[in-house]
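Enquirer: Below is data-v3.txt; it holds compact mmCIF, C-alpha atoms (C1' of nucleotides) and all ligand atoms.
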```txt
# COMPACT_ATOMS: atom_id res chain seq x y z
CA MET A 317 39.73 6.64 24.38
CA LEU A 318 36.80 5.49 26.42
CA LEU A 319 36.14 6.33 30.06
CA ARG A 320 33.42 4.99 32.25
CA THR A 321 32.33 7.02 35.25
CA THR A 322 30.72 5.60 38.34
CA CYS A 323 27.52 7.57 37.85
CA ASN A 324 25.55 5.76 35.15
CA SER A 325 27.03 7.47 32.17
CA VAL A 326 29.49 6.82 29.39
CA LEU A 327 32.01 9.46 28.38
CA ARG A 328 33.58 9.10 25.01
CA VAL A 329 36.53 11.24 24.07
CA THR A 330 37.25 11.63 20.40
CA SER A 331 39.80 13.82 18.73
CA ASP A 332 37.61 16.89 18.79
CA ARG A 333 34.53 16.10 20.82
CA LEU A 334 33.36 14.80 24.14
CA TYR A 335 30.08 12.92 24.33
CA SER A 336 28.24 12.13 27.50
CA ARG A 337 25.15 10.01 27.72
CA ALA A 338 23.10 8.72 30.60
CA MET A 339 22.72 4.96 30.63
CA SER A 340 21.16 2.70 33.22
CA ASN A 341 23.40 0.46 35.30
CA THR A 342 22.00 -2.61 33.60
CA ALA A 343 22.57 -1.15 30.14
CA ILE A 344 26.19 -0.35 31.02
CA LYS A 345 26.75 -3.85 32.33
CA HIS A 346 25.11 -5.24 29.20
CA LEU A 347 27.36 -3.08 27.03
CA ARG A 348 30.45 -4.32 28.88
CA ASP A 349 29.34 -7.93 28.55
CA MET A 350 28.91 -7.61 24.81
CA GLU A 351 32.28 -5.86 24.45
CA ASP A 352 33.89 -8.66 26.42
CA ALA A 353 32.28 -11.28 24.21
CA LEU A 354 33.81 -9.60 21.17
CA ARG A 355 37.21 -9.14 22.83
CA ALA A 356 37.20 -12.81 23.84
CA ASP A 357 36.92 -13.67 20.15
CA GLY A 358 39.76 -11.32 19.19
CA MET A 359 37.48 -8.69 17.67
CA ARG A 360 38.56 -5.07 17.96
CA ILE A 361 36.55 -2.72 20.12
CA THR A 362 36.23 0.29 17.89
CA ARG A 363 34.56 3.60 18.56
CA GLN A 364 31.76 2.72 16.14
CA ARG A 365 31.21 -0.71 17.66
CA VAL A 366 30.89 0.78 21.14
CA ALA A 367 28.39 3.31 19.82
CA ILE A 368 26.34 0.60 18.15
CA LEU A 369 26.56 -1.70 21.17
CA SER A 370 25.42 1.09 23.47
CA VAL A 371 22.39 1.67 21.25
CA LEU A 372 21.58 -2.04 21.29
CA ALA A 373 22.13 -2.27 25.05
CA GLU A 374 19.61 0.50 25.61
CA ALA A 375 17.01 -0.69 23.10
CA ASN A 376 14.02 -2.51 24.47
CA ASP A 377 12.36 -2.89 21.09
CA HIS A 378 13.27 -4.53 17.76
CA PRO A 379 14.87 -1.88 15.53
CA ASP A 380 15.90 -2.47 11.93
CA ALA A 381 19.35 -1.59 10.61
CA ASP A 382 18.23 1.86 9.57
CA GLU A 383 16.81 2.60 13.00
CA VAL A 384 19.98 1.34 14.69
CA HIS A 385 21.89 3.66 12.38
CA ARG A 386 19.64 6.60 13.23
CA ARG A 387 20.12 6.06 16.95
CA THR A 388 23.83 5.41 16.62
CA LYS A 389 24.34 8.69 14.78
CA GLN A 390 23.02 10.50 17.86
CA VAL A 391 25.94 9.01 19.75
CA ASP A 392 28.49 9.33 16.96
CA PRO A 393 27.34 11.01 13.73
CA SER A 394 30.24 9.63 11.73
CA VAL A 395 29.13 5.99 11.85
CA SER A 396 28.05 4.80 8.42
CA LEU A 397 25.15 2.56 7.55
CA ALA A 398 27.55 0.04 6.02
CA THR A 399 29.33 -0.26 9.36
CA VAL A 400 26.03 -0.75 11.12
CA TYR A 401 25.22 -3.62 8.77
CA ARG A 402 28.69 -5.11 9.13
CA THR A 403 28.65 -4.78 12.90
CA LEU A 404 25.21 -6.29 13.25
CA SER A 405 26.37 -9.28 11.20
CA VAL A 406 29.50 -9.61 13.33
CA LEU A 407 27.44 -9.44 16.49
CA GLU A 408 25.03 -12.02 15.13
CA ASN A 409 27.89 -14.37 14.26
CA HIS A 410 29.22 -14.02 17.79
CA GLY A 411 25.84 -14.78 19.30
CA VAL A 412 25.47 -11.31 20.77
CA VAL A 413 22.41 -10.28 18.78
CA HIS A 414 19.58 -12.10 17.05
CA ARG A 415 18.31 -11.26 13.61
CA LEU A 416 14.53 -11.23 13.25
CA THR A 417 12.81 -11.35 9.87
CA PHE A 418 9.19 -10.44 10.32
CA GLU A 419 6.92 -10.25 7.29
CA GLY A 420 7.36 -7.14 5.16
CA GLY A 421 10.31 -4.81 5.62
CA GLY A 422 13.90 -5.66 6.41
CA ALA A 423 15.63 -7.54 9.20
CA ARG A 424 15.24 -6.39 12.78
CA PHE A 425 17.56 -6.95 15.68
CA GLU A 426 17.60 -7.57 19.41
CA THR A 427 20.33 -8.42 21.89
CA ALA A 428 20.68 -12.05 22.84
CA ASP A 429 20.94 -11.49 26.59
CA ALA A 430 17.27 -12.06 27.38
CA PRO A 431 16.08 -15.65 27.75
CA HIS A 432 14.62 -17.24 24.62
CA HIS A 433 11.25 -16.00 23.52
CA ASP A 434 9.09 -15.82 20.41
CA HIS A 435 7.03 -12.95 19.01
CA ILE A 436 3.50 -11.80 18.45
CA ILE A 437 3.20 -9.14 15.74
CA ASP A 438 0.09 -6.97 15.72
CA VAL A 439 -0.91 -6.92 12.05
CA ASP A 440 -2.71 -3.60 12.46
CA THR A 441 -0.23 -1.59 14.50
CA GLY A 442 3.04 -3.44 13.97
CA ALA A 443 3.46 -3.70 17.75
CA VAL A 444 5.62 -6.61 18.86
CA VAL A 445 4.87 -8.62 22.01
CA GLU A 446 7.21 -11.24 23.38
CA PHE A 447 6.13 -14.55 24.85
CA HIS A 448 7.53 -17.87 25.85
CA SER A 449 5.95 -21.29 26.09
CA ASP A 450 7.90 -24.19 27.50
CA LYS A 451 5.17 -26.49 26.27
CA ILE A 452 5.54 -25.34 22.67
CA GLU A 453 9.32 -25.51 22.86
CA ARG A 454 9.09 -29.08 24.16
CA LEU A 455 6.58 -30.11 21.49
CA GLN A 456 8.81 -28.70 18.76
CA ALA A 457 11.71 -30.84 19.95
CA GLU A 458 9.48 -33.91 20.20
CA ILE A 459 8.10 -33.49 16.70
CA ALA A 460 11.55 -32.98 15.23
CA ALA A 461 12.87 -36.00 17.13
CA GLU A 462 10.09 -38.19 15.77
CA LEU A 463 11.24 -37.27 12.29
CA GLY A 464 14.89 -37.92 13.13
CA TYR A 465 15.98 -34.30 13.62
CA ASP A 466 17.47 -32.06 16.27
CA VAL A 467 16.21 -28.48 16.32
CA VAL A 468 19.11 -26.09 15.72
CA HIS A 469 16.95 -22.99 15.98
CA HIS A 470 13.41 -22.07 15.13
CA LYS A 471 11.12 -19.25 14.21
CA LEU A 472 7.69 -18.86 15.74
CA GLU A 473 5.77 -15.72 14.90
CA LEU A 474 2.09 -15.14 15.62
CA TYR A 475 0.57 -12.46 13.39
CA CYS A 476 -2.36 -11.28 15.45
CA ARG A 477 -5.18 -8.80 15.76
CA LYS A 478 -6.51 -7.30 18.98
CA ARG A 479 -9.71 -9.09 19.83
CA MET B 710 -8.39 -21.63 -26.53
CA LEU B 711 -8.09 -24.36 -23.95
CA LEU B 712 -9.30 -27.92 -24.27
CA ARG B 713 -9.33 -30.60 -21.64
CA THR B 714 -9.45 -34.23 -22.71
CA THR B 715 -10.83 -37.03 -20.61
CA CYS B 716 -7.51 -38.83 -20.47
CA ASN B 717 -5.39 -37.01 -17.91
CA SER B 718 -3.89 -34.41 -20.15
CA VAL B 719 -4.21 -30.75 -20.97
CA LEU B 720 -4.13 -29.58 -24.57
CA ARG B 721 -3.36 -25.96 -25.14
CA VAL B 722 -3.80 -24.44 -28.55
CA THR B 723 -1.94 -21.24 -29.28
CA SER B 724 -1.66 -19.35 -32.53
CA ASP B 725 1.19 -21.47 -33.84
CA ARG B 726 1.73 -24.34 -31.45
CA LEU B 727 -0.02 -27.22 -29.76
CA TYR B 728 1.18 -28.34 -26.36
CA SER B 729 0.20 -31.55 -24.68
CA ARG B 730 1.17 -32.53 -21.21
CA ALA B 731 0.30 -35.44 -18.99
CA MET B 732 -1.19 -34.44 -15.67
CA SER B 733 -2.66 -36.57 -12.94
CA ASN B 734 -6.40 -36.47 -12.35
CA THR B 735 -5.88 -34.78 -9.02
CA ALA B 736 -3.61 -32.16 -10.53
CA ILE B 737 -6.17 -31.38 -13.21
CA LYS B 738 -8.92 -31.08 -10.65
CA HIS B 739 -6.67 -28.88 -8.58
CA LEU B 740 -5.92 -26.71 -11.59
CA ARG B 741 -9.65 -26.36 -12.31
CA ASP B 742 -10.37 -25.45 -8.70
CA MET B 743 -7.78 -22.71 -8.70
CA GLU B 744 -9.03 -21.37 -12.03
CA ASP B 745 -12.55 -21.31 -10.63
CA ALA B 746 -11.41 -19.46 -7.54
CA LEU B 747 -9.91 -16.77 -9.77
CA ARG B 748 -12.94 -16.64 -12.06
CA ALA B 749 -15.23 -16.31 -9.04
CA ASP B 750 -13.32 -13.16 -8.14
CA GLY B 751 -13.58 -11.77 -11.66
CA MET B 752 -9.97 -12.44 -12.57
CA ARG B 753 -9.21 -13.30 -16.17
CA ILE B 754 -7.99 -16.76 -17.00
CA THR B 755 -5.11 -16.01 -19.30
CA ARG B 756 -2.83 -18.40 -21.13
CA GLN B 757 0.05 -17.49 -18.79
CA ARG B 758 -2.03 -17.94 -15.65
CA VAL B 759 -3.14 -21.40 -16.74
CA ALA B 760 0.47 -22.32 -17.44
CA ILE B 761 1.58 -21.11 -14.01
CA LEU B 762 -1.37 -22.73 -12.27
CA SER B 763 -0.64 -26.04 -13.96
CA VAL B 764 2.94 -25.87 -12.73
CA LEU B 765 1.77 -25.13 -9.19
CA ALA B 766 -0.87 -27.85 -9.35
CA GLU B 767 1.78 -30.40 -10.23
CA ALA B 768 4.43 -29.23 -7.76
CA ASN B 769 4.82 -31.22 -4.59
CA ASP B 770 7.73 -29.12 -3.33
CA HIS B 771 8.28 -25.44 -2.42
CA PRO B 772 9.69 -23.70 -5.52
CA ASP B 773 10.79 -20.06 -5.57
CA ALA B 774 9.62 -17.61 -8.24
CA ASP B 775 12.57 -18.39 -10.47
CA GLU B 776 11.90 -22.11 -10.31
CA VAL B 777 8.20 -21.56 -11.05
CA HIS B 778 9.31 -19.50 -14.04
CA ARG B 779 11.69 -22.22 -15.22
CA ARG B 780 8.96 -24.85 -15.06
CA THR B 781 6.36 -22.59 -16.60
CA LYS B 782 8.57 -21.88 -19.60
CA GLN B 783 8.52 -25.58 -20.38
CA VAL B 784 4.77 -25.26 -20.79
CA ASP B 785 4.81 -21.85 -22.44
CA PRO B 786 8.21 -20.29 -23.19
CA SER B 787 6.77 -16.82 -23.65
CA VAL B 788 5.79 -16.30 -20.01
CA SER B 789 7.95 -13.64 -18.40
CA LEU B 790 9.40 -13.62 -14.89
CA ALA B 791 7.49 -10.43 -14.11
CA THR B 792 4.24 -12.18 -14.91
CA VAL B 793 5.22 -15.08 -12.68
CA TYR B 794 5.79 -12.64 -9.81
CA ARG B 795 2.57 -10.78 -10.53
CA THR B 796 0.57 -13.99 -10.82
CA LEU B 797 1.99 -15.46 -7.64
CA SER B 798 1.01 -12.29 -5.79
CA VAL B 799 -2.47 -12.41 -7.28
CA LEU B 800 -2.84 -16.05 -6.30
CA GLU B 801 -1.62 -15.26 -2.80
CA ASN B 802 -4.14 -12.44 -2.44
CA HIS B 803 -6.90 -14.81 -3.51
CA GLY B 804 -5.82 -17.42 -0.99
CA VAL B 805 -4.83 -19.90 -3.68
CA VAL B 806 -1.14 -20.07 -2.81
CA HIS B 807 0.93 -19.44 0.29
CA ARG B 808 4.16 -17.50 0.33
CA LEU B 809 6.93 -19.04 2.44
CA THR B 810 9.95 -17.03 3.54
CA PHE B 811 12.56 -19.42 4.82
CA GLU B 812 15.91 -18.06 5.99
CA GLY B 813 18.27 -17.08 3.18
CA GLY B 814 17.12 -16.83 -0.42
CA GLY B 815 13.86 -15.51 -1.74
CA ALA B 816 10.21 -16.36 -1.19
CA ARG B 817 8.95 -19.84 -1.96
CA PHE B 818 5.45 -20.92 -2.82
CA GLU B 819 2.99 -23.75 -2.35
CA THR B 820 -0.66 -24.21 -3.21
CA ALA B 821 -3.13 -23.67 -0.39
CA ASP B 822 -5.20 -26.79 -1.05
CA ALA B 823 -3.45 -29.02 1.47
CA PRO B 824 -4.51 -28.77 5.12
CA HIS B 825 -2.49 -26.40 7.27
CA HIS B 826 1.01 -27.48 8.16
CA ASP B 827 4.31 -26.02 9.25
CA HIS B 828 7.84 -26.75 8.06
CA ILE B 829 11.09 -28.33 9.13
CA ILE B 830 14.08 -27.10 7.13
CA ASP B 831 17.20 -29.25 7.11
CA VAL B 832 19.99 -26.72 7.67
CA ASP B 833 22.52 -28.99 5.94
CA THR B 834 20.63 -30.13 2.87
CA GLY B 835 17.85 -27.55 2.54
CA ALA B 836 15.30 -30.36 2.49
CA VAL B 837 11.84 -29.33 3.65
CA VAL B 838 9.62 -31.62 5.70
CA GLU B 839 6.02 -30.80 6.53
CA PHE B 840 4.38 -31.46 9.86
CA HIS B 841 1.30 -30.55 11.80
CA SER B 842 0.64 -30.41 15.51
CA ASP B 843 -2.84 -29.72 16.78
CA LYS B 844 -1.38 -29.26 20.22
CA ILE B 845 0.95 -26.49 19.09
CA GLU B 846 -1.79 -24.82 17.09
CA ARG B 847 -4.04 -24.83 20.13
CA LEU B 848 -1.32 -23.51 22.42
CA GLN B 849 -0.61 -20.66 20.02
CA ALA B 850 -4.24 -19.59 20.10
CA GLU B 851 -4.33 -19.86 23.89
CA ILE B 852 -1.22 -17.76 24.36
CA ALA B 853 -2.48 -15.10 21.97
CA ALA B 854 -5.87 -15.07 23.67
CA GLU B 855 -4.26 -14.56 27.08
CA LEU B 856 -2.62 -11.45 25.68
CA GLY B 857 -5.86 -10.24 24.12
CA TYR B 858 -5.17 -11.29 20.54
CA ASP B 859 -6.62 -13.49 17.83
CA VAL B 860 -4.12 -15.26 15.61
CA VAL B 861 -4.58 -14.16 11.99
CA HIS B 862 -1.80 -16.38 10.67
CA HIS B 863 1.48 -17.64 11.96
CA LYS B 864 4.89 -18.87 10.95
CA LEU B 865 6.50 -21.87 12.58
CA GLU B 866 9.75 -23.10 11.09
CA LEU B 867 12.09 -25.60 12.70
CA TYR B 868 15.64 -25.35 11.37
CA CYS B 869 16.99 -28.80 12.07
CA ARG B 870 19.88 -31.19 11.63
CA LYS B 871 19.64 -34.93 11.11
CA ARG B 872 20.50 -36.59 14.39
C1' DT C 1382 -17.44 -8.55 -33.47
C1' DG C 1383 -16.57 -4.67 -30.91
C1' DA C 1384 -15.29 -2.11 -26.80
C1' DC C 1385 -13.23 -1.84 -22.48
C1' DA C 1386 -10.77 -3.01 -18.60
C1' DG C 1387 -7.46 -6.19 -17.08
C1' DT C 1388 -2.98 -8.38 -18.33
C1' DT C 1389 1.48 -8.85 -20.46
C1' DG C 1390 6.59 -8.31 -21.76
C1' DC C 1391 10.17 -5.40 -21.44
C1' DA C 1392 13.27 -2.58 -19.25
C1' DA C 1393 14.09 0.47 -15.72
C1' DA C 1394 13.43 1.39 -10.89
C1' DT C 1395 13.37 0.07 -6.01
C1' DC C 1396 14.85 -1.61 -1.70
C1' DG C 1397 17.51 -3.72 1.66
C1' DT C 1398 21.93 -5.38 1.94
C1' DT C 1399 26.74 -6.43 0.56
C1' DC C 1400 31.27 -5.43 -1.47
C1' DG C 1401 35.78 -3.37 -3.26
C1' DC C 1402 39.02 -0.34 -2.23
C1' DA C 1403 41.88 3.18 -0.30
C1' DT C 1404 42.40 5.10 4.29
C1' DA C 1405 42.09 4.94 9.28
C1' DA C 1406 42.86 2.97 13.60
C1' DG C 1407 42.98 -1.18 17.21
C1' DC C 1408 46.21 -3.78 19.60
C1' DA C 1409 50.47 -6.07 21.04
C1' DA C 1410 55.15 -5.82 21.04
C1' DT C 1411 58.78 -2.76 21.21
C1' DA D 1444 54.98 6.78 23.07
C1' DT D 1445 56.26 4.47 18.64
C1' DT D 1446 56.04 0.85 15.51
C1' DG D 1447 54.04 -2.58 12.61
C1' DC D 1448 50.74 -5.65 11.48
C1' DT D 1449 46.00 -6.52 10.69
C1' DT D 1450 41.36 -5.47 11.00
C1' DA D 1451 37.73 -2.01 10.54
C1' DT D 1452 35.81 2.00 8.29
C1' DG D 1453 33.46 5.25 4.86
C1' DC D 1454 32.28 5.81 0.48
C1' DG D 1455 29.98 4.64 -3.46
C1' DA D 1456 29.10 1.15 -6.61
C1' DA D 1457 27.18 -3.50 -7.11
C1' DC D 1458 23.92 -6.79 -5.78
C1' DG D 1459 19.70 -9.92 -5.96
C1' DA D 1460 14.99 -10.28 -5.37
C1' DT D 1461 10.96 -8.04 -6.41
C1' DT D 1462 8.09 -4.27 -8.28
C1' DT D 1463 6.61 -0.93 -11.56
C1' DG D 1464 5.61 2.34 -15.77
C1' DC D 1465 4.21 1.93 -20.12
C1' DA D 1466 2.71 0.67 -24.66
C1' DA D 1467 0.90 -3.33 -26.84
C1' DC D 1468 -2.16 -7.15 -26.27
C1' DT D 1469 -6.18 -10.11 -25.02
C1' DG D 1470 -10.03 -12.02 -22.03
C1' DT D 1471 -14.76 -11.22 -21.35
C1' DC D 1472 -19.25 -9.93 -22.16
C1' DA D 1473 -22.60 -7.34 -24.56
MN MN A 1501 12.21 -10.08 21.18
MN MN A 1502 4.46 -26.99 2.75
ZN ZN A 1503 10.70 -20.42 20.76
ZN ZN A 1504 0.88 -24.06 12.13
```
Step by step, read the file and then write its structure as structure tokens.
Expert:
Amino acid sequence: MLLRTTCNSVLRVTSDRLYSRAMSNTAIKHLRDMEDALRADGMRITRQRVAILSVLAEANDHPDADEVHRRTKQVDPSVSLATVYRTLSVLENHGVVHRLTFEGGGARFETADAPHHDHIIDVDTGAVVEFHSDKIERLQAEIAAELGYDVVHHKLELYCRKR
Amino acid sequence: MLLRTTCNSVLRVTSDRLYSRAMSNTAIKHLRDMEDALRADGMRITRQRVAILSVLAEANDHPDADEVHRRTKQVDPSVSLATVYRTLSVLENHGVVHRLTFEGGGARFETADAPHHDHIIDVDTGAVVEFHSDKIERLQAEIAAELGYDVVHHKLELYCRKR
DNA sequence: TGACAGTTGCAAATCGTTCGCATAAGCAAT
DNA sequence: ATTGCTTATGCGAACGATTTGCAACTGTCA
């Protein structure tokens, strides 16, 4: 049973507990949008999926599966790591999240609501900065076209050091 | 004991066997260059390293560790997979090979002698095409600079489909 | 030809991720 | 609400790629 109040919070009623968590309006809208995307594809909206989606909706970084699990457990301690992995894969397949595979360490995730961008990774601190270049995107398509290809998706990562 | 003839081949004498293999002039030169790079850094030129280097010098594709091992065993069946992994890491650390991490599957390798290029991966066939764009390289540096960074290295992969 | 430090093969360990299976729980129709 | 069908879950074991501990081996240089 899931109730949404009008005052920027999500109440979740489980058999023996009641959770309440403050979320921004935009995060709540984002959460609803992702739920709807799943529902539209006939996926079930489970307690664990809502917990995971709410974590992703709030994140403004690029957490790995373990970090998503850690945060999700603060919403619902019963969610298992296996379910986090399964859910992230489901969400990826439905175009709701993107999987990022930076050098070293496991996959990292971000929601797919923001417009396309690529990443700078600070090799010293691990900090991630987002950027977008229409010029580069256009050049990629041109180069592929010259070789007889269409770009399905691409990966552009700049491993950098503060100058 | 390692002998090089003048006629495009490498003879390798081991305790109980004599191998002979045809290699192109350029591959032999390439092999020597890589050996020298290791020697210059005080690394030992072992039988297994020469075998692996000769495989890499001849390769014009992007084999993974297992494929390097398979090819190396045809030169010297005693080389273990662990040594292949260790050697590839050593070569990477000495700037002699590059490690590529395309989506799905393990790391793949290529020698670092060719000028810098990026990769198109055919999502249907797995075929890899190399390309280079000075414009893109320049734009990457400009974007990083605007954000206060120097590019240490980067990854640009275009996952494409034949049009 | 030593002597020593670097290298190897082997098997076991690691790490991130996936899987099988029995149980739990969405969801739509009653 | 209750039912019934089907999907999702938690657990732990399995997985695949890569790394590592260790004892034996071998380049290298004096
Ligand atoms: Mn991002
Ligand atoms: Mn290449
Ligand atoms: Zn892009
Ligand atoms: Zn490049």
Enquirer: Can you work out which residues are within 12 Å of ligand ZN 1503 (chain A), considering all atoms listed in the file, and then hand them over as number ranges by chain?
Expert: A: 431-436, 446-457, 467-474; B: 845, 849, 864-868
Enquirer: Counting all atoms listed in the file, which of B:Asp831, B:Thr792, B:Arg741, B:Arg870 gets nearest to chain D?
Expert: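 Of B:Asp831, B:Thr792, B:Arg741, B:Arg870, the one nearest chain D, counting all atoms listed in the file, is B:Thr792.
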Enquirer: Between A:Glu419, A:Thr388, A:Thr362, A:Arg479, which one has atoms that come closest to DA1451 of chain D, using only C-alpha atoms (C1' of nucleotides)?
Expert: A:Thr362
Enquirer: Output the contact residues of chain B with respect to chain D at a cut-off of 9 Å, based on all atoms listed in the file, as a ChimeraX atom specification.
Expert: /B:753-755,791,794-795,814-816
Enquirer: Give me, please, the distance in Å between atom C1' of DC1400 of chain C and atom CA of His385 of chain A, quoted to one decimal.
Expert: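 If I compute the distance from atom C1' of DC1400 of chain C to atom CA of His385 of chain A, I get 19.0 Å.
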Enquirer: Counting all atoms listed in the file, which residues have an atom no more than 10 Å from (17.6, -0.4, 0.9) in the file's coordinates? Please list them as JSON, numbers by chain.
Expert: {"A": [381, 382, 421, 422], "C": [1395, 1396, 1397, 1398]}
Enquirer: Counting all atoms listed in the file, write as a PyMOL selection string all protein and nucleic acid residues lying at most 9 Å from (24.5, 1.1, 21.9) in the file's frame.
Expert: chain A and resi 343+347+365-375+384+387-388+391
Enquirer: Do you know which residues are at most 9 Å from Met350 of chain A counting only C-alpha atoms (C1' of nucleotides), after dropping those on the same chain fewer than 4 positions away, and could you put them as a list in words?
Expert: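 What passes the distance filter is Lys345, His346, Leu354, Arg355, Leu369, Ala373, Leu407 and Val412 of chain A.
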Enquirer: Could you write those residues out with C-alpha atoms, as an mmCIF file, in the frame of the given file?
Expert:
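Output file out36.cif is given in full below:
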```cif
data_model
loop_
_atom_site.group_PDB
_atom_site.id
_atom_site.type_symbol
_atom_site.label_atom_id
_atom_site.label_comp_id
_atom_site.auth_asym_id
_atom_site.auth_seq_id
_atom_site.Cartn_x
_atom_site.Cartn_y
_atom_site.Cartn_z
ATOM 1 C CA LYS A 345 26.750 -3.850 32.330
ATOM 2 C CA HIS A 346 25.110 -5.240 29.200
ATOM 3 C CA LEU A 354 33.810 -9.600 21.170
ATOM 4 C CA ARG A 355 37.210 -9.140 22.830
ATOM 5 C CA LEU A 369 26.560 -1.700 21.170
ATOM 6 C CA ALA A 373 22.130 -2.270 25.050
ATOM 7 C CA LEU A 407 27.440 -9.440 16.490
ATOM 8 C CA VAL A 412 25.470 -11.310 20.770
#
```
Enquirer: I'd like the interatomic distance between atom CA of Ile437 of chain A and atom CA of Gly813 of chain B, to a tenth of an Å.
Expert: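 Between these atoms lies a distance of 21.2 Å.
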Enquirer: Could you work out an axis-aligned bounding box for all listed atoms of segment 1390-1409 of chain C, with 5 Å added on each of the six sides, and give its centre and edge lengths in Å to one decimal, as AutoDock Vina command-line options?
Expert:
```
--center_x 28.5 --center_y -1.6 --center_z -0.4 --size_x 53.9 --size_y 23.4 --size_z 52.8
```
Enquirer: To one decimal place in Å, what is the distance between atom CA of Asp770 of chain B and atom CA of Val837 of chain B?
Expert: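 If I compute the distance from atom CA of Asp770 of chain B to atom CA of Val837 of chain B, I get 8.1 Å.
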Enquirer: Taking all atoms listed in the file into account, what are the residues of chain C at most 12 Å from chain B, put as a list in words?
Expert: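 Filtering chain C at 12 Å from chain B with all atoms listed in the file gives DA1386, DG1387, DT1388, DT1389, DG1390, DC1391 and DA1392 of chain C.
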Enquirer: Looking at all atoms listed in the file, which of B:Gly835, B:Phe811, B:Val793, B:Thr820 is the one that sits closest to chain A?
Expert: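 Using all atoms listed in the file, chain A sits closest to B:Phe811.
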Enquirer: Using all atoms listed in the file, find the one residue out of A:Asn376, A:Ala356, A:Phe425, A:Leu416 that sits nearest to chain B.
Expert: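 Nearest candidate to chain B out of A:Asn376, A:Ala356, A:Phe425, A:Leu416: A:Leu416.
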Enquirer: Could you check which of B:His771, B:Arg779, B:Lys871, B:His803 is closest to ligand MN 1502 (chain A), using all atoms listed in the file?
Expert: B:His771
Enquirer: Taking only C-alpha atoms and all ligand atoms into account, name the residue in A:Glu462, A:Glu426, A:Asp380, A:Asp392 that is nearest to ligand MN 1501 (chain A).
Expert: A:Glu426
